[in-house]
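Text of the file run_6.txt, holding compact mmCIF, C-alpha atoms and all ligand atoms:
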```txt
# COMPACT_ATOMS: atom_id res chain seq x y z
CA MET A 85 104.22 104.96 120.76
CA ARG A 86 105.70 104.42 117.43
CA VAL A 87 104.18 105.28 114.08
CA PRO A 88 104.81 102.05 112.36
CA VAL A 89 103.83 100.63 109.06
CA GLY A 90 104.88 97.08 108.90
CA ARG A 91 107.84 95.53 110.51
CA HIS A 92 109.54 98.83 111.16
CA ARG A 93 108.12 101.86 112.80
CA PRO A 94 107.79 104.14 110.74
CA ARG A 95 106.14 115.27 113.30
CA PRO A 96 106.06 123.65 115.05
CA VAL A 97 104.09 126.32 113.93
CA ARG A 98 106.97 128.78 113.89
CA GLY A 99 108.09 129.59 110.35
CA ALA A 100 105.47 127.40 108.68
CA ARG A 101 106.02 126.96 104.96
CA ARG A 102 104.40 125.32 102.01
CA HIS A 103 105.36 121.69 101.80
CA ASP A 104 107.03 122.09 98.43
CA GLY A 105 109.25 124.78 99.83
CA GLY A 106 109.80 123.44 103.32
CA ARG A 107 112.82 124.03 105.43
CA SER A 108 115.97 122.15 104.52
CA LEU A 109 117.20 119.77 107.11
CA PRO A 110 120.71 119.69 108.43
CA ALA A 111 122.55 116.59 107.32
CA ARG A 112 124.24 113.96 109.38
CA PRO A 113 126.37 111.15 108.04
CA LEU A 114 123.19 109.18 107.39
CA ASP A 115 121.89 111.95 105.16
CA LEU A 116 125.17 112.04 103.32
CA VAL A 117 125.00 108.34 102.63
CA LEU A 118 121.51 108.72 101.28
CA ASP A 119 122.44 111.78 99.26
CA GLN A 120 125.51 110.13 97.79
CA GLY A 121 123.48 107.07 96.98
CA LEU A 122 121.22 109.21 94.87
CA GLY A 123 123.94 110.79 92.94
CA CYS A 124 121.78 113.87 93.10
CA GLY A 125 122.04 117.37 94.31
CA GLY A 126 125.61 117.98 93.37
CA GLY A 127 127.24 115.56 95.82
CA GLY A 128 129.83 116.67 98.30
CA ALA A 129 129.54 120.41 98.08
CA ASN A 130 125.82 120.22 98.70
CA ALA A 131 126.32 117.82 101.53
CA MET A 132 128.92 120.01 103.18
CA SER A 133 126.77 123.10 102.97
CA LEU A 134 123.92 121.14 104.53
CA LEU A 135 126.25 119.96 107.26
CA ARG A 136 126.88 123.53 108.36
CA ARG A 137 123.21 124.18 109.05
CA SER A 138 121.91 123.73 112.56
CA ALA A 139 118.10 123.74 112.43
CA SER A 140 116.39 121.19 114.65
CA TRP A 141 114.22 118.45 113.23
CA ARG A 142 111.65 119.65 115.77
CA ASP A 143 111.31 122.84 113.70
CA VAL A 144 110.31 121.14 110.48
CA THR A 145 106.81 122.34 109.64
CA LEU A 146 104.79 121.57 106.54
CA THR A 147 101.47 122.98 105.45
CA THR A 148 98.87 121.79 102.98
CA ASP A 149 95.56 123.29 101.93
CA ARG A 150 93.82 121.95 105.03
CA LEU A 151 96.50 120.75 107.40
CA LEU A 152 99.46 121.87 109.44
CA LEU A 153 102.10 119.19 109.97
CA ARG A 154 104.25 119.96 113.00
CA ALA A 155 106.36 118.11 115.55
CA PRO A 156 104.79 116.62 118.67
CA ARG A 157 105.35 118.82 121.72
CA ALA A 158 104.43 119.03 125.38
CA GLY A 159 100.72 119.68 125.72
CA ASP A 160 99.80 117.42 122.81
CA GLU A 161 99.25 114.32 124.93
CA ASP A 162 95.46 114.45 125.21
CA GLY A 163 95.03 115.18 121.51
CA ALA A 164 97.43 112.40 120.62
CA ALA A 165 95.64 109.88 122.83
CA ALA A 166 92.27 110.91 121.36
CA SER A 167 93.50 110.38 117.78
CA VAL A 168 95.38 107.11 118.30
CA GLY A 169 93.37 105.39 121.00
CA HIS A 170 90.90 103.49 118.83
CA TRP A 171 91.06 99.78 118.16
CA GLU A 172 90.46 100.32 114.41
CA VAL A 173 93.57 102.54 114.33
CA VAL A 174 95.91 100.65 116.62
CA ARG A 175 95.19 97.25 115.08
CA MET A 176 96.65 98.51 111.78
CA LEU A 177 99.92 99.70 113.35
CA ALA A 178 102.80 97.36 114.07
CA GLN A 179 104.35 98.56 117.30
CA VAL A 180 101.61 100.45 119.11
CA PRO A 181 100.26 98.98 122.38
CA TRP A 182 96.63 98.37 123.21
CA PRO A 183 94.89 99.75 125.17
CA TYR A 184 96.21 103.18 124.25
CA GLY A 185 95.61 106.11 126.53
CA ARG A 186 97.23 109.24 127.92
CA ALA A 187 100.22 107.44 129.45
CA GLU A 188 101.07 105.91 126.09
CA ALA A 189 100.70 109.30 124.41
CA VAL A 190 103.03 110.89 126.98
CA ARG A 191 105.64 108.24 126.17
CA TYR A 192 105.13 108.79 122.45
CA VAL A 193 105.66 112.56 122.64
CA GLU A 194 108.83 112.09 124.71
CA GLN A 195 110.13 109.38 122.42
CA ALA A 196 109.30 111.34 119.28
CA GLN A 197 111.21 114.35 120.60
CA ALA A 198 114.21 112.19 121.49
CA GLU A 199 114.16 110.57 118.06
CA MET A 200 113.97 113.93 116.33
CA ASP A 201 116.81 115.31 118.45
CA GLY A 202 118.84 112.23 117.54
CA ARG A 203 117.74 112.53 113.91
CA ARG A 204 116.51 108.99 113.93
CA ALA A 205 112.97 109.90 112.88
CA LEU A 206 110.81 112.77 111.73
CA HIS A 207 107.43 112.95 113.49
CA PHE A 208 104.48 115.13 112.53
CA PHE A 209 101.09 115.66 114.07
CA LEU A 210 98.45 116.59 111.51
CA VAL A 211 96.52 119.57 112.84
CA ASP A 212 93.25 120.79 111.37
CA GLU A 213 90.79 123.41 112.60
CA ALA A 214 89.59 121.02 115.32
CA GLY A 215 93.04 120.02 116.62
CA ILE A 216 95.22 116.93 116.26
CA ALA A 217 93.75 114.82 113.46
CA GLY A 218 96.48 112.18 113.15
CA GLY A 219 100.16 111.74 112.55
CA PHE A 220 102.89 110.85 110.13
CA GLY A 221 106.37 109.55 110.76
CA LEU A 222 109.47 108.85 108.75
CA ALA A 223 111.72 106.49 110.68
CA PHE A 224 115.39 106.33 109.83
CA SER A 225 116.43 104.04 112.66
CA PRO A 226 116.45 100.82 110.64
CA VAL A 227 118.39 102.33 107.76
CA SER A 228 121.45 100.29 106.94
CA LEU A 229 123.30 99.01 103.95
CA PHE A 230 120.77 96.20 103.86
CA ALA A 231 117.67 98.32 104.39
CA PRO A 232 118.66 101.53 102.70
CA ALA A 233 115.52 103.62 103.04
CA PRO A 234 113.47 105.08 105.88
CA VAL A 235 109.94 103.88 106.61
CA LEU A 236 106.79 105.97 106.33
CA GLY A 237 104.00 105.39 108.86
CA TYR A 238 100.76 107.24 109.63
CA TRP A 239 97.33 107.21 111.18
CA LEU A 240 94.18 109.34 111.17
CA SER A 241 91.63 109.67 113.94
CA PRO A 242 88.54 107.76 112.75
CA ASP A 243 86.39 110.91 112.81
CA ARG A 244 88.70 112.32 110.09
CA TRP A 245 88.69 109.29 107.80
CA GLY A 246 87.44 109.61 104.25
CA ARG A 247 88.34 113.29 103.79
CA GLY A 248 91.54 112.71 101.82
CA TYR A 249 93.69 113.84 104.76
CA ALA A 250 96.11 110.91 104.62
CA THR A 251 96.76 111.40 100.93
CA GLU A 252 97.13 115.17 101.31
CA ALA A 253 99.53 114.89 104.24
CA GLY A 254 101.42 112.02 102.61
CA ARG A 255 102.14 114.16 99.55
CA ALA A 256 103.58 116.88 101.79
CA VAL A 257 105.80 114.44 103.67
CA LEU A 258 107.04 112.85 100.44
CA ASP A 259 107.76 116.28 98.96
CA HIS A 260 109.86 116.99 102.00
CA ALA A 261 111.59 113.62 101.83
CA PHE A 262 112.53 113.82 98.17
CA ARG A 263 112.84 117.56 97.44
CA THR A 264 114.30 118.83 100.70
CA MET A 265 115.99 115.80 102.22
CA LYS A 266 116.92 114.41 98.81
CA LEU A 267 116.30 110.84 99.91
CA LYS A 268 116.82 107.96 97.53
CA ALA A 269 113.73 105.98 98.48
CA VAL A 270 111.00 105.63 101.11
CA ARG A 271 109.56 102.31 102.25
CA SER A 272 106.13 101.63 103.63
CA GLY A 273 103.49 98.89 103.55
CA VAL A 274 100.28 97.66 105.07
CA PHE A 275 98.89 94.65 106.87
CA PHE A 276 97.04 92.30 104.52
CA ASP A 277 93.65 93.45 105.83
CA ASN A 278 94.15 97.20 105.38
CA PRO A 279 92.89 98.08 101.87
CA ALA A 280 92.22 101.72 102.76
CA SER A 281 95.86 102.32 103.62
CA LEU A 282 97.04 100.40 100.57
CA ARG A 283 94.82 102.67 98.49
CA VAL A 284 96.42 105.72 100.11
CA GLN A 285 99.84 104.40 99.20
CA GLU A 286 98.73 103.65 95.64
CA LYS A 287 97.46 107.21 95.32
CA LEU A 288 100.78 108.49 96.62
CA GLY A 289 102.61 106.38 94.04
CA PHE A 290 104.08 103.57 96.11
CA GLU A 291 104.64 100.26 94.36
CA VAL A 292 104.14 96.85 95.93
CA VAL A 293 107.55 95.19 96.11
CA GLY A 294 106.94 92.09 98.22
CA ARG A 295 105.34 90.31 101.12
CA SER A 296 106.66 89.76 104.61
CA GLU A 297 105.56 88.62 108.04
CA VAL A 298 105.23 91.40 110.60
CA PHE A 299 104.37 91.23 114.27
CA CYS A 300 101.42 93.38 115.31
CA LEU A 301 101.78 94.34 118.97
CA ALA A 302 98.11 95.23 119.49
CA ARG A 303 96.84 92.01 117.93
CA ALA A 304 99.68 90.04 119.52
CA LYS A 305 100.32 88.00 116.42
CA THR A 306 102.35 87.91 113.27
CA LEU A 307 100.44 89.00 110.18
CA SER A 308 100.99 88.95 106.46
CA HIS A 309 102.30 92.32 105.34
CA ILE A 310 102.40 93.96 101.89
CA ASP A 311 105.69 95.79 101.44
CA THR A 312 105.75 98.95 99.33
CA LEU A 313 108.39 101.32 98.04
CA MET A 314 108.63 104.76 96.48
CA THR A 315 111.86 105.63 94.73
CA ARG A 316 113.09 109.12 94.07
CA ASP A 317 112.92 108.65 90.31
CA ARG A 318 109.36 107.38 90.47
CA TYR A 319 108.36 110.23 92.74
CA PHE A 320 109.59 112.90 90.34
CA GLU A 321 108.17 111.08 87.30
CA ARG A 322 104.75 111.06 88.92
CA ARG A 323 104.96 114.69 89.97
CA ALA A 324 105.91 115.63 86.41
CA GLU A 325 102.91 113.68 85.12
CA GLU A 326 100.71 115.51 87.61
CA GLY A 327 102.21 118.79 86.43
CA ARG A 328 103.64 119.73 89.84
C1 LIG B 401 94.46 104.41 106.39
C2 LIG B 401 94.05 105.78 106.82
C3 LIG B 401 95.26 106.56 107.28
C4 LIG B 401 93.38 106.48 105.65
O1 LIG B 401 93.11 107.83 106.01
P1 LIG B 401 92.10 108.72 105.11
O2 LIG B 401 92.41 110.16 105.42
O3 LIG B 401 90.71 108.26 105.29
O4 LIG B 401 92.60 108.35 103.64
P2 LIG B 401 92.20 109.10 102.27
O5 LIG B 401 90.83 109.73 102.43
O6 LIG B 401 93.33 109.99 101.87
O7 LIG B 401 92.16 107.88 101.23
C5 LIG B 401 91.50 106.67 101.57
C6 LIG B 401 91.26 105.88 100.29
O8 LIG B 401 90.99 104.53 100.65
C7 LIG B 401 89.72 104.17 100.10
N1 LIG B 401 89.14 103.21 101.01
C8 LIG B 401 88.56 103.43 102.22
N2 LIG B 401 88.14 102.25 102.73
C9 LIG B 401 88.48 101.30 101.83
C10 LIG B 401 88.32 99.90 101.80
N3 LIG B 401 87.73 99.24 102.80
N4 LIG B 401 88.77 99.23 100.72
C11 LIG B 401 89.37 99.88 99.71
N5 LIG B 401 89.56 101.21 99.67
C12 LIG B 401 89.12 101.91 100.73
C13 LIG B 401 88.97 105.46 99.98
O9 LIG B 401 87.88 105.34 99.07
C14 LIG B 401 90.09 106.38 99.49
O10 LIG B 401 90.39 106.15 98.14
P3 LIG B 401 89.78 107.08 96.95
O11 LIG B 401 90.23 108.49 97.21
O12 LIG B 401 90.35 106.50 95.73
O13 LIG B 401 88.27 106.96 97.03
C15 LIG B 401 93.02 105.70 107.99
O14 LIG B 401 91.98 104.86 107.59
C16 LIG B 401 93.64 105.15 109.25
O15 LIG B 401 94.18 105.90 110.08
N6 LIG B 401 93.55 103.81 109.47
C17 LIG B 401 94.06 103.19 110.69
C18 LIG B 401 95.56 103.31 110.83
C19 LIG B 401 96.26 102.87 109.58
O16 LIG B 401 95.79 102.02 108.86
N7 LIG B 401 97.46 103.46 109.36
C20 LIG B 401 98.25 103.06 108.20
C21 LIG B 401 99.00 101.85 108.53
S1 LIG B 401 99.68 101.10 107.10
```

Would you kindly transcribe this structure into structure tokens?
Amino acid sequence: MRVPVGRHRPRPVRGARRHDGGRSLPARPLDLVLDQGLGCGGGGANAMSLLRRSASWRDVTLTTDRLLLRAPRAGDEDGAAASVGHWEVVRMLAQVPWPYGRAEAVRYVEQAQAEMDGRRALHFFLVDEAGIAGGFGLAFSPVSLFAPAPVLGYWLSPDRWGRGYATEAGRAVLDHAFRTMKLKAVRSGVFFDNPASLRVQEKLGFEVVGRSEVFCLARAKTLSHIDTLMTRDRYFERRAEEGR
């Protein structure tokens, strides 16, 4: 499974940290491009010191007041299937098959681990006191000169909707993206008929930047899609306004 928002797709308990002080990620050439594009963080010297680090993306762990965000791992398959496998969830995701059961969750966990090992995507399961509540992903695979920002995607199990979890977890992931990874921008978006997710993105500070046509695998048709963007500058402006 992928964790897509829109046309693109868009997650360890060990060493858990607050999201605003999360573990720095080792950089690859992609990170250097993004870092240089920002003109932030002191440029080359910073990049080179990051390059020498060797932590795995599987070890990235974020915590919020109510949630632990950690990478998918073996043993998560039943919890993953239980959180994703609802028509009202899958219909809002671009590249997730329907029906969605344990086999799909097994594939997702394997794929997520491969993508993290290849540093093509960060994947988090959101864990609350009852177990896996949902997931977030930040997909770098489509990043290119023409699409110069990774894509944020997410879902919540319907029994966790309306608690503010998506907004809370989204803030933690964006903190990690902009403060630790020093990204220039993050893209996201929603299908035209997903006002709840658009509201989440508004609360996080994303701006609507356009419309596109995106194929929804579960609905087997192309749908109108609202494209959104969060830039690094906007992110820090908003955090300053919020006093964080
Ligand atoms: C979208 C989703 C992640 C939201 O999760 P959540 O934890 O309930 O979100 P939050 O509680 O943080 O915020 C939801 C906001 O949307 C609002 N909302 C809910 N339903 C709404 C609707 N039909 N129209 C407008 N706003 C709506 C809520 O009131 C809340 O805003 P508020 O805090 O200003 O009142 C969840 O509904 C979900 O998993 N949906 C299916 C998968 C999906 O859409 N993924 C995103 C793909 S783009």

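CA of Gly254 in chain A lies 20.3 Å from CA of Phe276 in chain A.
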
Could you list, as a CSV table (one decimal) with C-alpha atoms, keeping the file's coordinate frame, every residue within 12 Å of Arg255 in chain A, counting only C-alpha atoms and ignoring same-chain residues fewer than 3 positions away?
```csv
chain,number,residue,atom,x,y,z
A,102,ARG,CA,104.4,125.3,102.0
A,103,HIS,CA,105.4,121.7,101.8
A,104,ASP,CA,107.0,122.1,98.4
A,146,LEU,CA,104.8,121.6,106.5
A,147,THR,CA,101.5,123.0,105.4
A,148,THR,CA,98.9,121.8,103.0
A,149,ASP,CA,95.6,123.3,101.9
A,151,LEU,CA,96.5,120.8,107.4
A,153,LEU,CA,102.1,119.2,110.0
A,220,PHE,CA,102.9,110.8,110.1
A,236,LEU,CA,106.8,106.0,106.3
A,248,GLY,CA,91.5,112.7,101.8
A,249,TYR,CA,93.7,113.8,104.8
A,250,ALA,CA,96.1,110.9,104.6
A,251,THR,CA,96.8,111.4,100.9
A,252,GLU,CA,97.1,115.2,101.3
A,258,LEU,CA,107.0,112.8,100.4
A,259,ASP,CA,107.8,116.3,99.0
A,260,HIS,CA,109.9,117.0,102.0
A,261,ALA,CA,111.6,113.6,101.8
A,262,PHE,CA,112.5,113.8,98.2
A,263,ARG,CA,112.8,117.6,97.4
A,284,VAL,CA,96.4,105.7,100.1
A,285,GLN,CA,99.8,104.4,99.2
A,286,GLU,CA,98.7,103.6,95.6
A,287,LYS,CA,97.5,107.2,95.3
A,288,LEU,CA,100.8,108.5,96.6
A,289,GLY,CA,102.6,106.4,94.0
A,290,PHE,CA,104.1,103.6,96.1
A,314,MET,CA,108.6,104.8,96.5
A,319,TYR,CA,108.4,110.2,92.7
A,320,PHE,CA,109.6,112.9,90.3
A,322,ARG,CA,104.8,111.1,88.9
A,323,ARG,CA,105.0,114.7,90.0
A,328,ARG,CA,103.6,119.7,89.8
```

inquiry  = Around ligand LIG 401 (chain B), which protein and nucleic acid residues have at least one atom no more than 7 Å from it, if we count only C-alpha atoms and all ligand atoms? List them as a count of residues only.
reply    = 32

Might I get the box with edges along x, y and z of the file that holds all atoms of range 200-212 of chain A listed there, padded by 6 Å on every side, given as centre and edge lengths in Å to one decimal, as JSON?
```
{"center_x": 106.0, "center_y": 114.9, "center_z": 114.9, "size_x": 37.6, "size_y": 23.8, "size_z": 19.1}
```

message = Report, in Å to a single decimal, how far apart CA of Asp277 in chain A and CA of Ile310 in chain A are.
response =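 CA of Asp277 in chain A lies 9.6 Å from CA of Ile310 in chain A.
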
note = Using all atoms listed in the file, the shortest atom-to-atom distance to His170 in chain A among A:Glu213, A:Asp243, A:Asp311, A:Glu199 belongs to A:Asp243

ask   = In Å to one decimal, how far is CA of Gln179 in chain A from CA of Ser308 in chain A?
value =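 Between CA of Ser308 in chain A and CA of Gln179 in chain A the gap works out to 14.9 Å.
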
query = Leu307 in chain A: which residues within 9 Å, counting only C-alpha atoms, same-chain residues fewer than 5 positions away excluded, as a count of residues only?
reply = 7

request  = Determine the nearest neighbour of Asp143 in chain A from the options A:Tyr192, A:Ser228, A:Val168, A:Gln197, counting all atoms listed in the file.
outcome  = A:Gln197

inquiry  = Can you pull out the residues contacting Pro234 in chain A? Cut-off 8 Å, using all atoms listed in the file, and skip same-chain residues under 4 positions away; I want them as a list in words.
reply    = Pro94, Leu222, Ala223, Phe224, Ser225, Pro226, Val227, Ala269, Val270 and Arg271 of chain A
